[in-house]
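Everything below concerns the one structure shown next.
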Amino acid sequence: MKKLFLIFVTLFLVFEVAAEGQESAPLRLVRTITLPPDVKGHFDHFEVDLKGGRLFATPESYKAVLVFDFKTGELIRTHCLPTLKDISIILRLI
């Protein structure tokens, strides 16, 4: 039990020191993306495809997956799926 406690304390101290040592610049706005006017409300999920340069977004009540060009911010495609109840399941499959 004493050995387990020492391991726990050691790991805690190692991660604590590592967390304090991380200093990075604050986030900054790089680009804003204009949404289609009929998209309202909140978004369920976002997914980034770095290799393909795409951003996938699923608005809650829109029943579609919006595909944006990650570099330009332009809307590439809209995949409408009106019969799907949980549109975010699509992003889990991508």
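Convention: chains lettered A, B, ... in structure tokens order; per-chain residue numbering from 1; ligands numbered from 1 as shown.
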### Task
Find the spatial neighbours of region 48-61 of chain A, counting only C-alpha atoms, within a cut-off of 7 Å - ignore same-chain residues fewer than 5 positions away - and output them as an NGL selection string.
:A and (41-43 or 66-71 or 87-88)
### Query
Counting only C-alpha atoms, what is within 6 Å of region 78-82 of chain A, bar same-chain residues fewer than 2 positions away, as number ranges by chain?
A: 63-66, 84
Distance query Leu35 (chain A) at most 10 Å, only C-alpha atoms, self and fewer than 2 positions along chain excluded, as a CSV table (one decimal) with N, CA, C and O atoms, in the first residue's frame:
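This went into part-v9.csv:
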```
chain,number,residue,atom,x,y,z
A,32,THR,N,-13.3,33.8,-39.9
A,32,THR,CA,-14.7,33.6,-39.6
A,32,THR,C,-15.4,32.9,-40.8
A,32,THR,O,-15.0,33.2,-41.9
A,33,ILE,N,-16.3,32.0,-40.5
A,33,ILE,CA,-17.0,31.3,-41.6
A,33,ILE,C,-18.5,31.8,-41.6
A,33,ILE,O,-19.2,31.7,-40.6
A,37,PRO,N,-28.0,31.3,-44.6
A,37,PRO,CA,-28.9,32.1,-43.8
A,37,PRO,C,-30.0,31.2,-43.1
A,37,PRO,O,-30.5,31.6,-42.1
A,38,ASP,N,-30.3,30.0,-43.7
A,38,ASP,CA,-31.3,29.2,-43.1
A,38,ASP,C,-30.8,28.3,-41.9
A,38,ASP,O,-31.5,27.6,-41.3
A,39,VAL,N,-29.5,28.4,-41.7
A,39,VAL,CA,-28.9,27.6,-40.5
A,39,VAL,C,-29.1,28.5,-39.3
A,39,VAL,O,-28.6,29.6,-39.2
A,40,LYS,N,-29.8,27.9,-38.3
A,40,LYS,CA,-30.1,28.6,-37.1
A,40,LYS,C,-29.8,27.7,-35.9
A,40,LYS,O,-29.7,26.5,-36.0
A,66,LEU,N,-22.7,20.1,-42.9
A,66,LEU,CA,-22.1,21.2,-43.7
A,66,LEU,C,-20.6,20.9,-43.8
A,66,LEU,O,-19.9,20.6,-42.9
A,68,PHE,N,-17.0,22.5,-45.1
A,68,PHE,CA,-16.4,23.8,-45.4
A,68,PHE,C,-14.9,23.5,-45.8
A,68,PHE,O,-14.3,22.5,-45.3
A,73,GLY,N,-12.6,28.8,-45.9
A,73,GLY,CA,-13.8,29.1,-45.1
A,73,GLY,C,-15.1,29.0,-45.9
A,73,GLY,O,-16.1,29.3,-45.4
A,74,GLU,N,-15.0,28.6,-47.2
A,74,GLU,CA,-16.1,28.6,-48.0
A,74,GLU,C,-16.9,27.3,-47.8
A,74,GLU,O,-16.3,26.2,-47.6
A,75,LEU,N,-18.2,27.3,-48.0
A,75,LEU,CA,-19.0,26.1,-47.9
A,75,LEU,C,-18.8,25.3,-49.2
A,75,LEU,O,-19.1,25.8,-50.3
```
### Message
I need the strand (DSSP E) residues of region 23-92 of chain A per DSSP on the backbone, written as a list in words.
### Response
Phe43, Asp44, His45, Phe46, Glu47, Val48, Asp49, Arg54, Leu55, Phe56, Ala57, Thr58, Pro59, Ala64, Val65, Leu66, Val67, Phe68, Asp69, Leu75, Ile76, Arg77, Thr78, His79 and Cys80 of chain A
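One distance worth recording is that between CA of Leu29 (chain A) and CA of Arg77 (chain A), which is 23.7 Å.
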